[in-house]
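Q: My questions will all concern the structure given below.
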Amino acid sequence: MTRKIFTFAFFLIATTVTVIMYWFLYDQPLIGIDDSNIYFVYAKNLIEGHGLVYNPGGENVEGFTSMFWLLIISGFYAISENYEMMLMAFTGLLIAFTLYKTASLLDLMNDARRIISPTSFFLPGALFLVPGYIDWTVITLMETGLWSVLIILFTTTISFAVLMDNLHGFRFVYAILSALMIVTRPESLLWAPVFIVFLVVMALLKEYNIRSAIKLVLPGIILSAVTLIGLTIFRLQYFGYPLPNTYYAKVSSDTLYNIFQGVRYFIRACIKLPFLFVVSCGVGYSGLTLLRKALASYRQSGRLVFSTNERVQLLLTGVSLISLLIPVVTGGDHFHMARFYQPYFPIYLATALNITFWQTTAGLNLSIPDRTPTYVWMSLVLFFLYTTPKIPLHDYIDVKSPIAHEFRLAELGRENGESLNTMFENVEKPGVGVSAAGGFAYGYTGETVDLMGLNNIAMAHAVADKKGIKNHAAFDIPTFFTLNPEIFHGYKKLSFFIVNDSLPPLLEDSGLKSFTFANNMYKGLLDDRKFVESYFPVIITYKDLKYTTYMRKDYIQYLQKEGFEIEIRPSERRKHLMSEFYGAFNE
């Protein structure tokens with residue numbers, strides 16, 4: 001027991017120090033990234049009595065991916081105004097515990113007896129130096145950490161049960177974990193059955209009969225089914241759809257297109273994170289080794305024969321392979337540092353660090369003696385992992401994190417929203433169409449229109465075949481004019497509060513790359529004749545605030561009557577597109 005306490009303390013201290021280090025290097029972000037702020041919007045509205053809505057009084061929409069994560073955030077929001085910091089501490093504690101469980105599994109498989117074994121030393125070192133794991137599981141305040149915890153706990157629980165020859169002793173734990181997965185992410189619709197299949201395979205390889213195997217998984221099947229049915233009924237009754245609105249806003253109906261995008265995602269992830277490529281090769285080699293062992297044993301005895309350690313390796317390899325394939329099938333993601341692969345890195349490392357398997361089954365001479373020199377050369381390996389990719393720790397002076405802009409986007413959104421509250425405090429607040437829908441909606445008390453569809457049912461369902469900029473392909477021009485927000489805040493570079501009379505250039509008259517990206521995201525809206533006729537680039541002055549954006553013509557006239565000073569900004573591109581109309585209005 002004393003050894004376990006000291007080992008857990010090591011992982012808790014290591015995780016805490018690492019989180020604090022990255023937190024400082026990222027300029028102390030306290031509010032997560034923009035997508036996590038979407039959760040905060042729903043938590044705030046829920047606790048304040050508005051229900052699960054994006055806009056108070058608006059439609060019921062499930063613009064968040066994880067129902068379980070939302071409920072956790074809502075609990076923290078209800079008890080403290082410092083809920084973001086509490087959330088970060090809570091997730092960090094969970095990550096420390098799951099890494100401890102992973103290390104304990106490795107120690108058991110490798111018969112390591114030190115308080116801090118070589119593999120226990122290497123595990124957090126690799127995870128904390130390879131870019132992204134702590135970033136995505138803790139600091140971003142997304143549900144990635146919770147999902148990682150559930151996957152790791154499920155995998156390690158089955159593994160411990162196999163090693164202790166006590167699969168049936170944990171059958172209710174499996175059931176609870178399955179149910180929690182169902183309410184955490186949509187991928188659980190695949191993962192819950194996958195783990196049930198793994199449990200059956202583990203039981204049959206131990207020469208349990210079919211009846212015993214069914215008895216093992218029956219609690220999990222029942223509780224998962226009840227949870228899924230209950231959640232689906234709730235979604236249909238409350239939101240009108242069986243899946244989160246984020247699914248309809250992001251995933252294309254074209255399967256081949258998704259796979260093509262997913263393959264690109266995996267390749268880019270391996271280029272940016274060479275360690276992912278290394279562990280993927282290790283997982284693939286482990287799978288081939290187990291396949292050869294299975295074929296050899298079947299030829300010799302007519303049945304599959306695996307040792308206890310090999311059965312655990314089979315589980316680790318299977319979980320790793322499926323986790324590598326899912327983003328390929330679903331089309332990947334647009335975030336940096338391989339967000340979709342980060343939750344599974346502890347499993348990848350556990351697969352690679354099962355030294356007993358590599359020695360006895362693969363026939364490799366990888367003996368890791370439990371002596372001090374081992375820690376020295378492992379430190380050299382960690383240093384190599386540190387220097388291979390370009391990661392935040394290299395650029396700590398300039399805080400050049402690959403996702404630093406995601407934190408800043410949330411801050412800018414909140415600042416813009418709160419400034420608009422002040423600007424429009426004495427008039428009817430306009431509806432504001434945005435692409436970054438988290439921080440802005442959290443700060444703004446008027447209606448926020450999510451033009452990317454995550455939090456807008458009409459936009460999410462407007463087109464089924466979503467092709468274009470990844471996770472930003474739901475926009476539809478006819479739907480935009482149906483929603484008809486008074487302000488097109490749009491792409492983040494289109495709208496600014498002007499400070500010290502420093503007027504940013506109009507994006508439509510700026511460089512081709514910036515304009516092309518924004519116009520592609522909005523499917524050519526900036527060149528659309530109806531948009532050019534209806535929305536004008538303006539500078540709005542009210543008291544000491546100056547704001548530049550695109551505003552609907554009738555709302556411009558309304559604000560002018562209310563005493564706002566409004567200037568139509570000149571635009572070379574618009575004069576070329578509609579010189580007679582634009583010129584007449586400007587006069």
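Chain lettering (A, B, ...) mirrors the order of the structure tokens, residue numbering begins at 1 for each chain separately, and ligand numbering begins at 1 in order of display.
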When you look at A:Thr541 with a cut-off of 10 Å (counting only C-alpha atoms), what residues show up, excluding the ones that are within fewer than 2 positions of it in the same chain? I need them as a ChimeraX atom specification.
A: /A:423,497-498,538-539,543-548,563-567
Q: A:Leu106: which residues within 8 Å, counting only C-alpha atoms, same-chain residues fewer than 2 positions away excluded, as a PyMOL selection string?
A: chain A and resi 102-104+108-110+119-120+350+353-354
Q: Using the selection just defined, write its residues with N, CA and C atoms as a PDB file, in the first residue's frame.
A:
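result-v9.pdb, freshly written:
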```pdb
ATOM      1  N   THR A 102      -2.142   3.166 -15.589  1.00  0.00           N
ATOM      2  CA  THR A 102      -1.418   2.632 -16.737  1.00  0.00           C
ATOM      3  C   THR A 102      -0.035   2.153 -16.325  1.00  0.00           C
ATOM      4  N   ALA A 103       0.661   2.936 -15.518  1.00  0.00           N
ATOM      5  CA  ALA A 103       1.999   2.546 -15.048  1.00  0.00           C
ATOM      6  C   ALA A 103       1.931   1.302 -14.171  1.00  0.00           C
ATOM      7  N   SER A 104       0.904   1.216 -13.334  1.00  0.00           N
ATOM      8  CA  SER A 104       0.744   0.033 -12.482  1.00  0.00           C
ATOM      9  C   SER A 104       0.539  -1.216 -13.325  1.00  0.00           C
ATOM     10  N   LEU A 108       3.030  -4.495 -13.450  1.00  0.00           N
ATOM     11  CA  LEU A 108       2.543  -5.853 -13.241  1.00  0.00           C
ATOM     12  C   LEU A 108       2.921  -6.753 -14.411  1.00  0.00           C
ATOM     13  N   MET A 109       2.800  -6.242 -15.640  1.00  0.00           N
ATOM     14  CA  MET A 109       3.147  -7.056 -16.814  1.00  0.00           C
ATOM     15  C   MET A 109       4.640  -7.327 -16.882  1.00  0.00           C
ATOM     16  N   ASN A 110       5.444  -6.343 -16.452  1.00  0.00           N
ATOM     17  CA  ASN A 110       6.897  -6.469 -16.568  1.00  0.00           C
ATOM     18  C   ASN A 110       7.566  -6.926 -15.277  1.00  0.00           C
ATOM     19  N   THR A 119       9.685   1.970 -16.650  1.00  0.00           N
ATOM     20  CA  THR A 119       8.545   2.293 -17.509  1.00  0.00           C
ATOM     21  C   THR A 119       7.650   3.354 -16.871  1.00  0.00           C
ATOM     22  N   SER A 120       7.527   3.336 -15.534  1.00  0.00           N
ATOM     23  CA  SER A 120       6.749   4.375 -14.852  1.00  0.00           C
ATOM     24  C   SER A 120       7.415   5.734 -14.982  1.00  0.00           C
ATOM     25  N   ALA A 350       1.602   2.053 -23.508  1.00  0.00           N
ATOM     26  CA  ALA A 350       1.510   0.779 -22.795  1.00  0.00           C
ATOM     27  C   ALA A 350       1.754  -0.388 -23.746  1.00  0.00           C
ATOM     28  N   LEU A 353       5.490  -0.509 -24.342  1.00  0.00           N
ATOM     29  CA  LEU A 353       6.347  -0.746 -23.173  1.00  0.00           C
ATOM     30  C   LEU A 353       6.068  -2.076 -22.465  1.00  0.00           C
ATOM     31  N   ASN A 354       5.307  -2.947 -23.108  1.00  0.00           N
ATOM     32  CA  ASN A 354       5.106  -4.296 -22.564  1.00  0.00           C
ATOM     33  C   ASN A 354       6.346  -5.124 -22.899  1.00  0.00           C
TER      34      ASN A 354
END
```
Q: Check the DSSP output for the backbone and give back, as a PyMOL selection string, the residues of stretch 86-331 of chain A in helix (DSSP H, G or I).
A: chain A and resi 86-110+118-129+133-139+144-163+167-182+188-205+210-238+245-250+255-272+274-301+308-330
Q: If DSSP is run on the backbone, what residues of stretch 526-569 of chain A are strand (DSSP E or B)? A reply as JSON, numbers by chain would be ideal.
A: {"A": [535, 536, 537, 538, 539, 540, 541, 542, 545, 546, 547, 548, 549, 550, 551, 552, 565, 566, 567, 568]}
Q: Just write the chosen residues, C-alpha atoms, as a PDB file, in the first residue's frame.
A:
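Saved as part07.pdb:
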```pdb
ATOM      1  CA  TYR A 535     -24.583  44.278 -45.639  1.00  0.00           C
ATOM      2  CA  PHE A 536     -22.128  47.157 -45.555  1.00  0.00           C
ATOM      3  CA  PRO A 537     -18.673  47.505 -43.980  1.00  0.00           C
ATOM      4  CA  VAL A 538     -19.091  50.205 -41.378  1.00  0.00           C
ATOM      5  CA  ILE A 539     -17.395  52.016 -38.536  1.00  0.00           C
ATOM      6  CA  ILE A 540     -19.778  52.560 -35.618  1.00  0.00           C
ATOM      7  CA  THR A 541     -18.956  55.205 -33.038  1.00  0.00           C
ATOM      8  CA  TYR A 542     -20.779  55.338 -29.707  1.00  0.00           C
ATOM      9  CA  LEU A 545     -16.205  52.887 -28.517  1.00  0.00           C
ATOM     10  CA  LYS A 546     -15.437  52.377 -32.181  1.00  0.00           C
ATOM     11  CA  TYR A 547     -16.404  49.139 -33.882  1.00  0.00           C
ATOM     12  CA  THR A 548     -15.908  48.017 -37.479  1.00  0.00           C
ATOM     13  CA  THR A 549     -17.987  45.201 -38.933  1.00  0.00           C
ATOM     14  CA  TYR A 550     -20.541  44.340 -41.620  1.00  0.00           C
ATOM     15  CA  MET A 551     -24.030  45.577 -40.792  1.00  0.00           C
ATOM     16  CA  ARG A 552     -27.419  45.092 -42.395  1.00  0.00           C
ATOM     17  CA  GLU A 565     -22.356  57.842 -35.683  1.00  0.00           C
ATOM     18  CA  ILE A 566     -21.924  55.411 -38.583  1.00  0.00           C
ATOM     19  CA  GLU A 567     -19.471  55.667 -41.457  1.00  0.00           C
ATOM     20  CA  ILE A 568     -19.628  53.399 -44.502  1.00  0.00           C
TER      21      ILE A 568
END
```
Q: Taking only C-alpha atoms into account, name the residue in A:Gly132, A:Pro343, A:Gly262, A:Pro244 that is nearest to A:Leu146.
A: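 Closest candidate: A:Pro343.
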Q: Name all residues at most 6 Å from stretch 458-460 of chain A (count only C-alpha atoms; drop same-chain ones fewer than 2 positions away) and give them as a PDB file with N, CA and C atoms, in the first residue's frame.
A:
```pdb
ATOM      1  N   TYR A 248     -24.097  16.777 -37.051  1.00  0.00           N
ATOM      2  CA  TYR A 248     -24.719  17.206 -38.309  1.00  0.00           C
ATOM      3  C   TYR A 248     -23.999  18.402 -38.917  1.00  0.00           C
ATOM      4  N   ALA A 249     -23.352  19.204 -38.075  1.00  0.00           N
ATOM      5  CA  ALA A 249     -22.647  20.387 -38.577  1.00  0.00           C
ATOM      6  C   ALA A 249     -21.268  20.051 -39.139  1.00  0.00           C
ATOM      7  N   GLY A 453     -22.882  26.437 -37.749  1.00  0.00           N
ATOM      8  CA  GLY A 453     -23.930  25.456 -37.544  1.00  0.00           C
ATOM      9  C   GLY A 453     -23.861  24.624 -36.289  1.00  0.00           C
ATOM     10  N   ASN A 456     -26.661  25.944 -34.281  1.00  0.00           N
ATOM     11  CA  ASN A 456     -27.796  26.409 -35.064  1.00  0.00           C
ATOM     12  C   ASN A 456     -28.326  25.251 -35.903  1.00  0.00           C
ATOM     13  N   ALA A 462     -28.592  22.270 -43.248  1.00  0.00           N
ATOM     14  CA  ALA A 462     -28.866  22.889 -44.550  1.00  0.00           C
ATOM     15  C   ALA A 462     -28.331  22.048 -45.704  1.00  0.00           C
ATOM     16  N   ALA A 474     -20.273  23.784 -43.003  1.00  0.00           N
ATOM     17  CA  ALA A 474     -21.733  23.708 -42.887  1.00  0.00           C
ATOM     18  C   ALA A 474     -22.439  24.954 -43.395  1.00  0.00           C
TER      19      ALA A 474
END
```
Q: For the contact check between stretch 45-155 of chain A and stretch 220-237 of chain A, emit one row per residue of stretch 45-155 of chain A within 12 Å, containing the shortest atom pair and the distance in Å rounded to one decimal, counting only C-alpha atoms, chain then rising number order, as a Markdown table.
A:
```
| residue | atom | partner | partner_atom | distance |
| --- | --- | --- | --- | --- |
| A:Leu52 | CA | A:Arg235 | CA | 10.9 |
| A:Asn60 | CA | A:Arg235 | CA | 9.9 |
| A:Val61 | CA | A:Arg235 | CA | 9.4 |
| A:Glu62 | CA | A:Arg235 | CA | 8.3 |
| A:Gly63 | CA | A:Arg235 | CA | 11.9 |
| A:Ser66 | CA | A:Leu231 | CA | 11.7 |
| A:Met67 | CA | A:Leu231 | CA | 9.3 |
| A:Phe68 | CA | A:Leu231 | CA | 11.0 |
| A:Phe154 | CA | A:Gly220 | CA | 11.8 |
```
Q: Give me the residues near A:Leu204 as a PyMOL selection string, where near means some atom within 12 Å (using only C-alpha atoms) and where sequence neighbours in that chain fewer than 2 positions away do not count.
A: chain A and resi 162+167+197-202+206-214+216+303-306+311
Q: Can those selected residues be exported to a file as a PDB file, in the first residue's frame so that it contains N, CA and C atoms?
A:
```pdb
ATOM      1  N   VAL A 162      -7.665  -9.622 -16.437  1.00  0.00           N
ATOM      2  CA  VAL A 162      -7.039 -10.742 -17.138  1.00  0.00           C
ATOM      3  C   VAL A 162      -5.816 -11.231 -16.367  1.00  0.00           C
ATOM      4  N   LEU A 167     -11.988 -11.932 -14.412  1.00  0.00           N
ATOM      5  CA  LEU A 167     -12.810 -11.149 -15.324  1.00  0.00           C
ATOM      6  C   LEU A 167     -14.193 -10.868 -14.756  1.00  0.00           C
ATOM      7  N   VAL A 197     -17.008  -6.835 -27.082  1.00  0.00           N
ATOM      8  CA  VAL A 197     -16.396  -7.894 -27.894  1.00  0.00           C
ATOM      9  C   VAL A 197     -15.052  -8.302 -27.308  1.00  0.00           C
ATOM     10  N   PHE A 198     -14.255  -7.332 -26.883  1.00  0.00           N
ATOM     11  CA  PHE A 198     -12.952  -7.648 -26.280  1.00  0.00           C
ATOM     12  C   PHE A 198     -13.138  -8.501 -25.019  1.00  0.00           C
ATOM     13  N   LEU A 199     -14.131  -8.163 -24.229  1.00  0.00           N
ATOM     14  CA  LEU A 199     -14.392  -8.948 -23.021  1.00  0.00           C
ATOM     15  C   LEU A 199     -14.745 -10.391 -23.365  1.00  0.00           C
ATOM     16  N   VAL A 200     -15.572 -10.565 -24.377  1.00  0.00           N
ATOM     17  CA  VAL A 200     -15.941 -11.921 -24.800  1.00  0.00           C
ATOM     18  C   VAL A 200     -14.707 -12.670 -25.287  1.00  0.00           C
ATOM     19  N   VAL A 201     -13.866 -11.998 -26.080  1.00  0.00           N
ATOM     20  CA  VAL A 201     -12.646 -12.628 -26.585  1.00  0.00           C
ATOM     21  C   VAL A 201     -11.724 -13.009 -25.436  1.00  0.00           C
ATOM     22  N   MET A 202     -11.559 -12.096 -24.471  1.00  0.00           N
ATOM     23  CA  MET A 202     -10.711 -12.412 -23.309  1.00  0.00           C
ATOM     24  C   MET A 202     -11.243 -13.624 -22.550  1.00  0.00           C
ATOM     25  N   LYS A 206      -9.592 -17.602 -22.348  1.00  0.00           N
ATOM     26  CA  LYS A 206      -9.326 -18.219 -21.043  1.00  0.00           C
ATOM     27  C   LYS A 206     -10.092 -19.539 -20.905  1.00  0.00           C
ATOM     28  N   GLU A 207     -10.702 -19.968 -22.001  1.00  0.00           N
ATOM     29  CA  GLU A 207     -11.451 -21.217 -22.055  1.00  0.00           C
ATOM     30  C   GLU A 207     -12.742 -21.158 -21.259  1.00  0.00           C
ATOM     31  N   TYR A 208     -13.295 -19.958 -21.106  1.00  0.00           N
ATOM     32  CA  TYR A 208     -14.652 -19.851 -20.587  1.00  0.00           C
ATOM     33  C   TYR A 208     -15.596 -20.313 -21.697  1.00  0.00           C
ATOM     34  N   ASN A 209     -16.755 -20.847 -21.306  1.00  0.00           N
ATOM     35  CA  ASN A 209     -17.731 -21.206 -22.330  1.00  0.00           C
ATOM     36  C   ASN A 209     -18.561 -19.987 -22.716  1.00  0.00           C
ATOM     37  N   ILE A 210     -19.362 -20.148 -23.749  1.00  0.00           N
ATOM     38  CA  ILE A 210     -20.158 -19.032 -24.263  1.00  0.00           C
ATOM     39  C   ILE A 210     -21.112 -18.509 -23.198  1.00  0.00           C
ATOM     40  N   ARG A 211     -21.735 -19.403 -22.459  1.00  0.00           N
ATOM     41  CA  ARG A 211     -22.685 -18.972 -21.428  1.00  0.00           C
ATOM     42  C   ARG A 211     -21.995 -18.108 -20.382  1.00  0.00           C
ATOM     43  N   SER A 212     -20.796 -18.496 -19.980  1.00  0.00           N
ATOM     44  CA  SER A 212     -20.059 -17.724 -18.988  1.00  0.00           C
ATOM     45  C   SER A 212     -19.654 -16.364 -19.556  1.00  0.00           C
ATOM     46  N   ALA A 213     -19.279 -16.341 -20.842  1.00  0.00           N
ATOM     47  CA  ALA A 213     -18.886 -15.078 -21.478  1.00  0.00           C
ATOM     48  C   ALA A 213     -20.076 -14.129 -21.574  1.00  0.00           C
ATOM     49  N   ILE A 214     -21.232 -14.661 -21.909  1.00  0.00           N
ATOM     50  CA  ILE A 214     -22.432 -13.820 -21.992  1.00  0.00           C
ATOM     51  C   ILE A 214     -22.791 -13.264 -20.618  1.00  0.00           C
ATOM     52  N   LEU A 216     -20.748 -12.591 -18.365  1.00  0.00           N
ATOM     53  CA  LEU A 216     -19.752 -11.561 -18.077  1.00  0.00           C
ATOM     54  C   LEU A 216     -20.159 -10.203 -18.650  1.00  0.00           C
ATOM     55  N   ARG A 303      -6.522 -24.707 -31.922  1.00  0.00           N
ATOM     56  CA  ARG A 303      -7.209 -23.645 -31.190  1.00  0.00           C
ATOM     57  C   ARG A 303      -6.212 -22.510 -30.923  1.00  0.00           C
ATOM     58  N   LEU A 304      -6.760 -21.379 -30.536  1.00  0.00           N
ATOM     59  CA  LEU A 304      -5.919 -20.224 -30.253  1.00  0.00           C
ATOM     60  C   LEU A 304      -5.427 -20.294 -28.815  1.00  0.00           C
ATOM     61  N   VAL A 305      -4.123 -20.198 -28.661  1.00  0.00           N
ATOM     62  CA  VAL A 305      -3.528 -20.284 -27.337  1.00  0.00           C
ATOM     63  C   VAL A 305      -2.667 -19.035 -27.109  1.00  0.00           C
ATOM     64  N   PHE A 306      -3.053 -18.258 -26.095  1.00  0.00           N
ATOM     65  CA  PHE A 306      -2.295 -17.067 -25.739  1.00  0.00           C
ATOM     66  C   PHE A 306      -1.970 -17.107 -24.255  1.00  0.00           C
ATOM     67  N   ARG A 311      -2.567 -11.997 -23.950  1.00  0.00           N
ATOM     68  CA  ARG A 311      -3.975 -11.571 -24.015  1.00  0.00           C
ATOM     69  C   ARG A 311      -4.102 -10.085 -23.680  1.00  0.00           C
TER      70      ARG A 311
END
```
Q: So how far away is atom CA of A:Val434 from atom CA of A:His489, in Å?
A: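 Spanning atom CA of A:His489 to atom CA of A:Val434 is a straight-line distance of 5.2 Å.
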Q: For stretch 4-8 of chain A, list every protein, DNA or RNA residue within 10 Å, evaluated using only C-alpha atoms, and leave out those in the same chain fewer than 2 positions away; present the list as a PDB file with N, CA and C atoms, in the first residue's frame.
A:
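Saved result, around.pdb, follows:
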```
ATOM      1  N   MET A   1       0.831  -1.211   0.000  1.00  0.00           N
ATOM      2  CA  MET A   1       0.000   0.000   0.000  1.00  0.00           C
ATOM      3  C   MET A   1       0.866   1.262   0.000  1.00  0.00           C
ATOM      4  N   THR A   2       1.946   1.239   0.818  1.00  0.00           N
ATOM      5  CA  THR A   2       2.850   2.389   0.865  1.00  0.00           C
ATOM      6  C   THR A   2       3.460   2.654  -0.498  1.00  0.00           C
ATOM      7  N   PHE A  10       3.926  10.410  -7.025  1.00  0.00           N
ATOM      8  CA  PHE A  10       4.864  10.771  -8.097  1.00  0.00           C
ATOM      9  C   PHE A  10       4.104  11.251  -9.327  1.00  0.00           C
ATOM     10  N   PHE A  11       3.073  10.514  -9.730  1.00  0.00           N
ATOM     11  CA  PHE A  11       2.307  10.896 -10.927  1.00  0.00           C
ATOM     12  C   PHE A  11       1.504  12.169 -10.696  1.00  0.00           C
ATOM     13  N   LEU A  12       0.990  12.341  -9.493  1.00  0.00           N
ATOM     14  CA  LEU A  12       0.237  13.554  -9.194  1.00  0.00           C
ATOM     15  C   LEU A  12       1.147  14.784  -9.244  1.00  0.00           C
ATOM     16  N   ILE A  13       2.334  14.669  -8.644  1.00  0.00           N
ATOM     17  CA  ILE A  13       3.282  15.789  -8.659  1.00  0.00           C
ATOM     18  C   ILE A  13       3.753  16.064 -10.078  1.00  0.00           C
ATOM     19  N   ALA A  14       4.082  15.002 -10.828  1.00  0.00           N
ATOM     20  CA  ALA A  14       4.562  15.176 -12.203  1.00  0.00           C
ATOM     21  C   ALA A  14       3.505  15.844 -13.077  1.00  0.00           C
ATOM     22  N   ALA A  96      -3.772  12.295 -13.749  1.00  0.00           N
ATOM     23  CA  ALA A  96      -2.732  11.719 -12.891  1.00  0.00           C
ATOM     24  C   ALA A  96      -3.115  10.314 -12.447  1.00  0.00           C
ATOM     25  N   PHE A  97      -4.380  10.128 -12.078  1.00  0.00           N
ATOM     26  CA  PHE A  97      -4.839   8.811 -11.617  1.00  0.00           C
ATOM     27  C   PHE A  97      -4.776   7.772 -12.738  1.00  0.00           C
ATOM     28  N   THR A  98      -5.209   8.146 -13.939  1.00  0.00           N
ATOM     29  CA  THR A  98      -5.219   7.177 -15.027  1.00  0.00           C
ATOM     30  C   THR A  98      -3.810   6.828 -15.491  1.00  0.00           C
ATOM     31  N   LEU A  99      -2.899   7.800 -15.431  1.00  0.00           N
ATOM     32  CA  LEU A  99      -1.509   7.477 -15.767  1.00  0.00           C
ATOM     33  C   LEU A  99      -0.912   6.545 -14.712  1.00  0.00           C
ATOM     34  N   TYR A 100      -1.291   6.753 -13.467  1.00  0.00           N
ATOM     35  CA  TYR A 100      -0.866   5.848 -12.399  1.00  0.00           C
ATOM     36  C   TYR A 100      -1.381   4.431 -12.666  1.00  0.00           C
ATOM     37  N   LYS A 101      -2.634   4.324 -13.097  1.00  0.00           N
ATOM     38  CA  LYS A 101      -3.199   3.002 -13.396  1.00  0.00           C
ATOM     39  C   LYS A 101      -2.462   2.359 -14.577  1.00  0.00           C
ATOM     40  N   ALA A 103       0.661   2.936 -15.518  1.00  0.00           N
ATOM     41  CA  ALA A 103       1.999   2.546 -15.048  1.00  0.00           C
ATOM     42  C   ALA A 103       1.931   1.302 -14.171  1.00  0.00           C
ATOM     43  N   SER A 104       0.904   1.216 -13.334  1.00  0.00           N
ATOM     44  CA  SER A 104       0.744   0.033 -12.482  1.00  0.00           C
ATOM     45  C   SER A 104       0.539  -1.216 -13.325  1.00  0.00           C
ATOM     46  N   ARG A 114      10.150  -1.652  -8.213  1.00  0.00           N
ATOM     47  CA  ARG A 114      10.529  -0.373  -7.628  1.00  0.00           C
ATOM     48  C   ARG A 114       9.314   0.533  -7.485  1.00  0.00           C
ATOM     49  N   ILE A 115       9.425   1.520  -6.583  1.00  0.00           N
ATOM     50  CA  ILE A 115       8.350   2.507  -6.435  1.00  0.00           C
ATOM     51  C   ILE A 115       8.153   3.247  -7.748  1.00  0.00           C
ATOM     52  N   ILE A 116       9.270   3.650  -8.368  1.00  0.00           N
ATOM     53  CA  ILE A 116       9.218   4.262  -9.691  1.00  0.00           C
ATOM     54  C   ILE A 116      10.050   3.389 -10.622  1.00  0.00           C
ATOM     55  N   SER A 117       9.390   2.553 -11.391  1.00  0.00           N
ATOM     56  CA  SER A 117      10.088   1.649 -12.299  1.00  0.00           C
ATOM     57  C   SER A 117      10.543   2.414 -13.536  1.00  0.00           C
ATOM     58  N   SER A 120       7.527   3.336 -15.534  1.00  0.00           N
ATOM     59  CA  SER A 120       6.749   4.375 -14.852  1.00  0.00           C
ATOM     60  C   SER A 120       7.415   5.734 -14.982  1.00  0.00           C
TER      61      SER A 120
END
```
Q: Which residues come within 9 Å of A:Tyr42, counting only C-alpha atoms, excluding same-chain residues fewer than 5 positions away, as a PDB file with N, CA and C atoms, in the first residue's frame?
A:
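Result written to part15.pdb:
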```pdb
ATOM      1  N   ASN A  37     -15.605  27.150 -24.521  1.00  0.00           N
ATOM      2  CA  ASN A  37     -16.524  28.199 -24.107  1.00  0.00           C
ATOM      3  C   ASN A  37     -17.953  27.939 -24.575  1.00  0.00           C
ATOM      4  N   ILE A  47     -27.830  26.521 -15.705  1.00  0.00           N
ATOM      5  CA  ILE A  47     -27.867  26.857 -14.284  1.00  0.00           C
ATOM      6  C   ILE A  47     -28.734  28.087 -14.026  1.00  0.00           C
ATOM      7  N   GLY A  51     -32.469  26.485 -19.668  1.00  0.00           N
ATOM      8  CA  GLY A  51     -32.464  25.185 -20.320  1.00  0.00           C
ATOM      9  C   GLY A  51     -31.230  24.981 -21.167  1.00  0.00           C
ATOM     10  N   LEU A  52     -31.214  23.888 -21.924  1.00  0.00           N
ATOM     11  CA  LEU A  52     -30.083  23.572 -22.784  1.00  0.00           C
ATOM     12  C   LEU A  52     -30.245  24.327 -24.101  1.00  0.00           C
ATOM     13  N   VAL A  53     -29.899  25.587 -24.066  1.00  0.00           N
ATOM     14  CA  VAL A  53     -30.030  26.469 -25.222  1.00  0.00           C
ATOM     15  C   VAL A  53     -28.744  27.257 -25.403  1.00  0.00           C
ATOM     16  N   TYR A  54     -28.512  27.672 -26.629  1.00  0.00           N
ATOM     17  CA  TYR A  54     -27.350  28.505 -26.945  1.00  0.00           C
ATOM     18  C   TYR A  54     -27.661  29.968 -26.657  1.00  0.00           C
ATOM     19  N   ASN A  55     -28.864  30.397 -27.017  1.00  0.00           N
ATOM     20  CA  ASN A  55     -29.342  31.746 -26.723  1.00  0.00           C
ATOM     21  C   ASN A  55     -30.526  31.658 -25.771  1.00  0.00           C
ATOM     22  N   GLU A  62     -28.392  20.995 -29.213  1.00  0.00           N
ATOM     23  CA  GLU A  62     -27.278  20.306 -28.557  1.00  0.00           C
ATOM     24  C   GLU A  62     -25.984  20.653 -29.298  1.00  0.00           C
ATOM     25  N   GLY A  63     -25.508  21.861 -29.063  1.00  0.00           N
ATOM     26  CA  GLY A  63     -24.323  22.342 -29.750  1.00  0.00           C
ATOM     27  C   GLY A  63     -23.032  21.952 -29.064  1.00  0.00           C
ATOM     28  N   PHE A  64     -23.055  20.930 -28.262  1.00  0.00           N
ATOM     29  CA  PHE A  64     -21.870  20.427 -27.555  1.00  0.00           C
ATOM     30  C   PHE A  64     -21.792  18.936 -27.799  1.00  0.00           C
ATOM     31  N   LEU A  70     -20.709  18.364 -20.067  1.00  0.00           N
ATOM     32  CA  LEU A  70     -21.534  19.537 -19.798  1.00  0.00           C
ATOM     33  C   LEU A  70     -22.091  19.492 -18.376  1.00  0.00           C
ATOM     34  N   SER A  74     -21.410  22.173 -15.488  1.00  0.00           N
ATOM     35  CA  SER A  74     -22.554  22.840 -14.850  1.00  0.00           C
ATOM     36  C   SER A  74     -22.473  22.737 -13.339  1.00  0.00           C
ATOM     37  N   TYR A 442     -20.535  33.684 -24.940  1.00  0.00           N
ATOM     38  CA  TYR A 442     -20.440  33.738 -23.482  1.00  0.00           C
ATOM     39  C   TYR A 442     -20.457  35.181 -22.992  1.00  0.00           C
TER      40      TYR A 442
END
```
Q: Counting only C-alpha atoms, which residue out of A:Ala175, A:Met521, A:Ile20, A:Val463 sits closest to A:Asp254?
A: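 Checking each of A:Ala175, A:Met521, A:Ile20, A:Val463 against A:Asp254, counting only C-alpha atoms, the winner is A:Val463.
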